[in-house]
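Worksheet: one structure, shown below.
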Amino acid sequence: MNNLSVDHLIGIKDLTKQDIELILKTADSFKQVINRPIKKVPSLRDITIANLFFENSTRTKLSFELAEKRLSADVINFAASGSSVKKGETLIDTVNNILAMKVDLVVMRHPNPGAAKFLSERINARVVNAGDGTHEHPTQALLDAYSIRERHGDDFSGKKVVIVGDISHSRVALSNIFCLQKLGAEVMVCGPTTLIPKFIGELGVKVEHNLRKALEWCDVANMLRIQLERQEIQYFPSLREYTMLYGLDKKLLDSLDKKITIMHPGPINRGVEITSDVADSDQSIILQQVENGVAVRMAIIYLLASKINRS
Amino acid sequence: MCIGFKQVAPIKTFQLTLTNPSKMDKRTILNSTHFEITLKRLASQLKENHHLFENTVLIGLQPRGIHVLERLKKILESDLKKELTCGQLDITFYRDDFRRREQPIIPSVTNIDFIIENKNVVLIDDVLFSGRTIRSGLDALLAFGRPKKVELLAFIDRRFERHLPIQADYIGKTVDTLSSQRVSVEWKEIEGEDKVVLFTQENKNE
């Protein structure tokens, strides 16, 4: 199949393994494109894309915008701060007003889980979810999978990936679990009991509360940020104590008997979940993740745009 | 009579009676002997115009043009006793039929690790048909610099089928076909035998 089975990218949960593999394969070609002297292709020159960011973002927003521009799409950007949202406009009204300007595809980040799905059912444009609250962040999971594949090869079966940190508040964790499991990898989550959802085991992931044991088990460790902005109560006594138990430093990394790959979706809180020397070590692929993000997002937009009816 | 017509076998589409209507009529229009002769002639023509290939690069178009390139490269390199600069170009993202097809085309690999600024470029493809691939190829080529000159080599030229004003500088064999027919260039490295086959669809009136 050369076509995605979905019309919108709301979550990894809706994708098939073939969809994921198609996106990763297409991203290979776009990675070549963005490493050329002229990093642009004309495929989407008659498509208009709106980036709607109702929540703060640096990497994802820049990455989407760059991906869209390298596909030659026309891009309009919208940030909730400084917009009419502050004057009381509803999401549907805001989006419909933007769509009245003939937009074909909407990339949206929103603080409410399910916002992207809500939108996709109500508007006449393709929707790409760029993160909806604590639900999913599908493009991040796909670029993480792409980065793992680049380092460890095509075959995910038997690959062991541990996701460390604030699993409860992380959309990256949920999307990564779905994505890696669909590709055939084994997934473990690791963190303090208070930050791990009670029934996460039902998704088929292993749960570990000891960081050293988790790292000894895995091939790849994805270190998540503590999302203090989403934590309405205190889940652990202090950041210092969290770092002592779940922070990854060079000493711990070097004491393992194999070289594991370190990932981080950004933004990094240096000295909290990982120390600077780990983030900048040759085992870390954090900056490759950012580079691959552009190629993977180009692939997703390209494949979704190919389904937009010309008439 | 025009010399070009000498190579062309007459095509009598309506005389092809099909005993099994589900099958396509299949006719070899270039066998392995003539296939090899044609490749050697194309190599000689390239040598005539490009001498030692000092400022010339050969670029095969993905997916099937790269096989023509590989064979020509082999012949030329053994003749000239030197390595030629060659690349593979994928034109998927430059096509003019994006969103007009049922399914998007899966891109192939582009492998051009040199800049073509001020170079003589020979674009190589297996079958020249509507000319749209070549138009996309010219577009895609610009991402690697501004060439001094671009030439086109087509192993098979399906003349009379062009949608764009594009002609080849080097032609292996010219064939006159109907647009409903299909020409397939097969390679011993892939299909097991060097040959060019013309497929004619069943005649629905019968």
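Residue names in the structure tokens use chain letters A, B, ... in the order shown, residue numbers from 1 in each chain, and ligand numbers from 1 in the order shown.
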Name the residues in contact with Ser57 (chain A) at a cut-off of 12 Å, using only C-alpha atoms, excluding same-chain residues fewer than 5 positions from it; report them as an MDAnalysis selection string.
chainID A and resid 51:52 62:65 78:81 108:111 130:131 266:267
Contacts of Glu186 (chain B) at 8 Å or less, counting only C-alpha atoms, minus same-chain residues fewer than 3 places along, as an MDAnalysis selection string?
chainID B and resid 190:197
Create the file for the chosen residues now, containing N, CA and C atoms and written as a PDB file, in the first residue's frame.
ATOM      1  N   ILE B 190      17.883  -8.330 -13.682  1.00  0.00           N
ATOM      2  CA  ILE B 190      16.652  -8.339 -12.889  1.00  0.00           C
ATOM      3  C   ILE B 190      15.668  -9.386 -13.395  1.00  0.00           C
ATOM      4  N   GLU B 191      15.292  -9.260 -14.669  1.00  0.00           N
ATOM      5  CA  GLU B 191      14.280 -10.180 -15.191  1.00  0.00           C
ATOM      6  C   GLU B 191      14.902 -11.454 -15.751  1.00  0.00           C
ATOM      7  N   GLY B 192      16.223 -11.495 -15.889  1.00  0.00           N
ATOM      8  CA  GLY B 192      16.877 -12.714 -16.366  1.00  0.00           C
ATOM      9  C   GLY B 192      17.265 -12.673 -17.832  1.00  0.00           C
ATOM     10  N   GLU B 193      16.722 -11.720 -18.577  1.00  0.00           N
ATOM     11  CA  GLU B 193      17.058 -11.657 -19.995  1.00  0.00           C
ATOM     12  C   GLU B 193      16.990 -10.211 -20.479  1.00  0.00           C
ATOM     13  N   ASP B 194      17.936  -9.833 -21.353  1.00  0.00           N
ATOM     14  CA  ASP B 194      17.894  -8.499 -21.963  1.00  0.00           C
ATOM     15  C   ASP B 194      16.891  -8.508 -23.103  1.00  0.00           C
ATOM     16  N   LYS B 195      15.834  -7.750 -22.996  1.00  0.00           N
ATOM     17  CA  LYS B 195      14.931  -7.633 -24.148  1.00  0.00           C
ATOM     18  C   LYS B 195      13.968  -6.467 -23.950  1.00  0.00           C
ATOM     19  N   VAL B 196      13.366  -6.050 -25.043  1.00  0.00           N
ATOM     20  CA  VAL B 196      12.334  -5.025 -24.958  1.00  0.00           C
ATOM     21  C   VAL B 196      11.036  -5.649 -25.447  1.00  0.00           C
ATOM     22  N   VAL B 197       9.999  -5.535 -24.634  1.00  0.00           N
ATOM     23  CA  VAL B 197       8.731  -6.198 -24.951  1.00  0.00           C
ATOM     24  C   VAL B 197       7.637  -5.159 -25.128  1.00  0.00           C
TER      25      VAL B 197
END
Strand (DSSP E or B) positions in region 28-118 of chain A, given as a ChimeraX atom specification
/A:48-53,74-79,105-110
Near region 172-183 of chain B, 9 Å: region 100-160 of chain B residue rows, closest pairs, only C-alpha atoms, as a tab-separated table:
residue	atom	partner	partner_atom	distance
B:Val127	CA	B:Val183	CA	7.6
B:Phe129	CA	B:Ser179	CA	9.0
B:Leu153	CA	B:Gly172	CA	8.1
B:Ala154	CA	B:Gly172	CA	6.4
B:Phe155	CA	B:Gly172	CA	4.3
B:Ile156	CA	B:Lys173	CA	5.0
B:Asp157	CA	B:Thr174	CA	4.7
B:Arg158	CA	B:Val175	CA	5.1
B:Arg159	CA	B:Asp176	CA	6.0
B:Phe160	CA	B:Asp176	CA	7.0
Resulting file, chosen residues, C-alpha atoms, as a short mmCIF file (atom, residue, chain, number, x, y, z; two decimals), in the first residue's frame:
data_model
loop_
_atom_site.label_atom_id
_atom_site.label_comp_id
_atom_site.auth_asym_id
_atom_site.auth_seq_id
_atom_site.Cartn_x
_atom_site.Cartn_y
_atom_site.Cartn_z
CA VAL B 127 11.55 4.70 -22.08
CA PHE B 129 6.96 8.44 -23.49
CA LEU B 153 19.45 9.65 -23.67
CA ALA B 154 16.44 7.36 -24.07
CA PHE B 155 16.90 3.66 -24.66
CA ILE B 156 13.42 3.44 -26.20
CA ASP B 157 11.70 6.44 -27.74
CA ARG B 158 7.92 6.08 -28.08
CA ARG B 159 7.54 8.92 -30.51
CA PHE B 160 4.11 10.37 -31.33
#
Taking a cut-off of 7 Å and counting only C-alpha atoms, can you build a table that, for each residue of chain B near chain A, reports the nearest atom pair and how far apart they are in Å (one decimal), sorted by chain then residue number, as JSON lines?
{"residue": "B:Phe93", "atom": "CA", "partner": "A:Ser43", "partner_atom": "CA", "distance": 5.3}
{"residue": "B:Tyr94", "atom": "CA", "partner": "A:Pro42", "partner_atom": "CA", "distance": 5.9}
{"residue": "B:Phe98", "atom": "CA", "partner": "A:Ser306", "partner_atom": "CA", "distance": 6.5}
{"residue": "B:Arg99", "atom": "CA", "partner": "A:Ser306", "partner_atom": "CA", "distance": 4.7}
{"residue": "B:Gln103", "atom": "CA", "partner": "A:Asn3", "partner_atom": "CA", "distance": 5.8}
{"residue": "B:Pro104", "atom": "CA", "partner": "A:Asn2", "partner_atom": "CA", "distance": 6.0}
{"residue": "B:Ile105", "atom": "CA", "partner": "A:Asn2", "partner_atom": "CA", "distance": 6.7}
{"residue": "B:Ile106", "atom": "CA", "partner": "A:Asn2", "partner_atom": "CA", "distance": 6.4}
{"residue": "B:Pro107", "atom": "CA", "partner": "A:Ser29", "partner_atom": "CA", "distance": 6.6}
{"residue": "B:Val109", "atom": "CA", "partner": "A:Ser29", "partner_atom": "CA", "distance": 6.6}
{"residue": "B:Ala143", "atom": "CA", "partner": "A:Ile38", "partner_atom": "CA", "distance": 4.9}
{"residue": "B:Phe144", "atom": "CA", "partner": "A:Pro37", "partner_atom": "CA", "distance": 6.6}
Name all residues at most 7 Å from region 146-157 of chain A (count only C-alpha atoms; drop same-chain ones fewer than 6 positions away) and give them as a PyMOL selection string.
chain A and resi 24+183-185+288-289+292
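For region 195-251 of chain A, the set of residues given alpha helix (DSSP H) by DSSP on the backbone reads Leu211, Arg212, Lys213, Ala214, Leu215, Glu216, Trp217, Leu239, Arg240, Glu241, Tyr242, Thr243, Met244, Leu245, Tyr246, Lys250 and Lys251 of chain A.
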Let's have the selection written as a PDB file, in the first residue's frame, with C-alpha atoms.
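The file below, again_0.pdb, is the result:
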ATOM      1  CA  LEU A 211      16.184   3.228  37.069  1.00  0.00           C
ATOM      2  CA  ARG A 212      19.336   1.082  37.121  1.00  0.00           C
ATOM      3  CA  LYS A 213      17.355  -2.123  36.503  1.00  0.00           C
ATOM      4  CA  ALA A 214      15.444  -0.433  33.676  1.00  0.00           C
ATOM      5  CA  LEU A 215      18.630   0.774  32.011  1.00  0.00           C
ATOM      6  CA  GLU A 216      20.273  -2.643  32.316  1.00  0.00           C
ATOM      7  CA  TRP A 217      17.280  -4.145  30.516  1.00  0.00           C
ATOM      8  CA  LEU A 239      13.071  17.860  42.163  1.00  0.00           C
ATOM      9  CA  ARG A 240      16.348  17.112  43.927  1.00  0.00           C
ATOM     10  CA  GLU A 241      14.988  13.846  45.229  1.00  0.00           C
ATOM     11  CA  TYR A 242      13.567  12.970  41.799  1.00  0.00           C
ATOM     12  CA  THR A 243      16.984  13.599  40.247  1.00  0.00           C
ATOM     13  CA  MET A 244      18.699  11.416  42.840  1.00  0.00           C
ATOM     14  CA  LEU A 245      16.423   8.482  42.000  1.00  0.00           C
ATOM     15  CA  TYR A 246      15.519   8.988  38.330  1.00  0.00           C
ATOM     16  CA  LYS A 250      27.428   9.839  33.193  1.00  0.00           C
ATOM     17  CA  LYS A 251      28.547   7.692  36.109  1.00  0.00           C
TER      18      LYS A 251
END
What does the distance from CA of Ser78 (chain B) to CA of Leu141 (chain B) come to in Å, to one decimal?
27.4 Å
Which one is closest to Leu66 (chain A): A:Ile177, A:Glu202, A:Ile34, A:Phe53? Count only C-alpha atoms.
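Using only C-alpha atoms, Leu66 (chain A) sits closest to A:Ile34.
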Residues near Asn111 (chain B), cut-off 9 Å, only C-alpha atoms, skip fewer than 6 positions along chain, as a PyMOL selection string:
(chain A and resi 32) or (chain B and resi 86-90)
With a distance cut-off of 9 Å and only C-alpha atoms, select the neighbouring residues of Leu72 (chain B), excluding the residue or stretch itself and same-chain residues fewer than 6 positions from it, and output the selection as a compact mmCIF listing (two decimals) with N, CA and C atoms, in the first residue's frame.
# COMPACT_ATOMS: atom_id res chain seq x y z
N LEU B 39 23.11 -0.85 -26.98
CA LEU B 39 23.83 -0.23 -25.86
C LEU B 39 25.22 0.23 -26.30
N LYS B 40 25.90 -0.63 -27.08
CA LYS B 40 27.26 -0.28 -27.53
C LYS B 40 27.23 0.93 -28.45
N LEU B 42 24.99 3.35 -28.39
CA LEU B 42 24.74 4.54 -27.56
C LEU B 42 26.02 4.97 -26.86
N ALA B 43 26.80 3.99 -26.37
CA ALA B 43 28.06 4.32 -25.70
C ALA B 43 29.00 5.02 -26.67
Please list as an NGL selection string every residue within 12 Å of Gly11 (chain A), counting only C-alpha atoms and excluding residues in the same chain fewer than 4 positions away.
:A and (6-7 or 15-16 or 19-20 or 113-117 or 120 or 127-132 or 134-142 or 171-172 or 174-179)
Using C-alpha atoms, can you export the residues from the last selection as a CSV table (one decimal), in the first residue's frame?
chain,number,residue,atom,x,y,z
A,6,VAL,CA,-6.3,7.4,7.7
A,7,ASP,CA,-7.3,10.9,6.5
A,15,LEU,CA,-2.4,3.9,12.5
A,16,THR,CA,-1.5,0.4,11.3
A,19,ASP,CA,1.1,3.2,7.9
A,20,ILE,CA,4.0,3.7,10.3
A,113,PRO,CA,-6.9,15.9,25.2
A,114,GLY,CA,-9.1,15.0,22.2
A,115,ALA,CA,-9.1,18.5,20.7
A,116,ALA,CA,-7.6,17.2,17.4
A,117,LYS,CA,-10.2,14.5,17.0
A,120,SER,CA,-11.3,16.5,12.5
A,127,VAL,CA,-5.9,17.6,10.7
A,128,VAL,CA,-2.5,16.8,12.1
A,129,ASN,CA,-2.3,16.5,15.8
A,130,ALA,CA,0.8,18.3,17.1
A,131,GLY,CA,0.1,17.3,20.7
A,132,ASP,CA,-3.3,17.4,22.5
A,134,THR,CA,-1.8,14.6,27.9
A,135,HIS,CA,-3.3,12.4,25.1
A,136,GLU,CA,-1.0,11.9,22.1
A,137,HIS,CA,1.9,13.5,20.2
A,138,PRO,CA,2.0,11.3,17.1
A,139,THR,CA,4.7,13.1,15.1
A,140,GLN,CA,7.1,12.9,18.1
A,141,ALA,CA,6.6,9.2,18.4
A,142,LEU,CA,7.2,8.7,14.7
A,171,ARG,CA,1.6,12.5,25.5
A,172,VAL,CA,5.0,11.6,24.2
A,174,LEU,CA,1.6,7.3,25.2
A,175,SER,CA,2.3,7.8,21.5
A,176,ASN,CA,5.7,6.2,21.8
A,177,ILE,CA,4.2,3.1,23.5
A,178,PHE,CA,1.7,2.6,20.7
A,179,CYS,CA,4.2,3.3,18.0
Residues near Ile196 (chain A), cut-off 8 Å, only C-alpha atoms, skip fewer than 5 positions along chain, as a list in words
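Contacts, in chain order: Asp166, Ile167, Ser168, Val189, Cys190 and Gly191 of chain A.
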Rank B:Asp97, B:Lys26, B:Thr33, B:Val122 by their smallest atom-to-atom distance to Ile59 (chain B), using only C-alpha atoms, and report the top residue only.
B:Val122
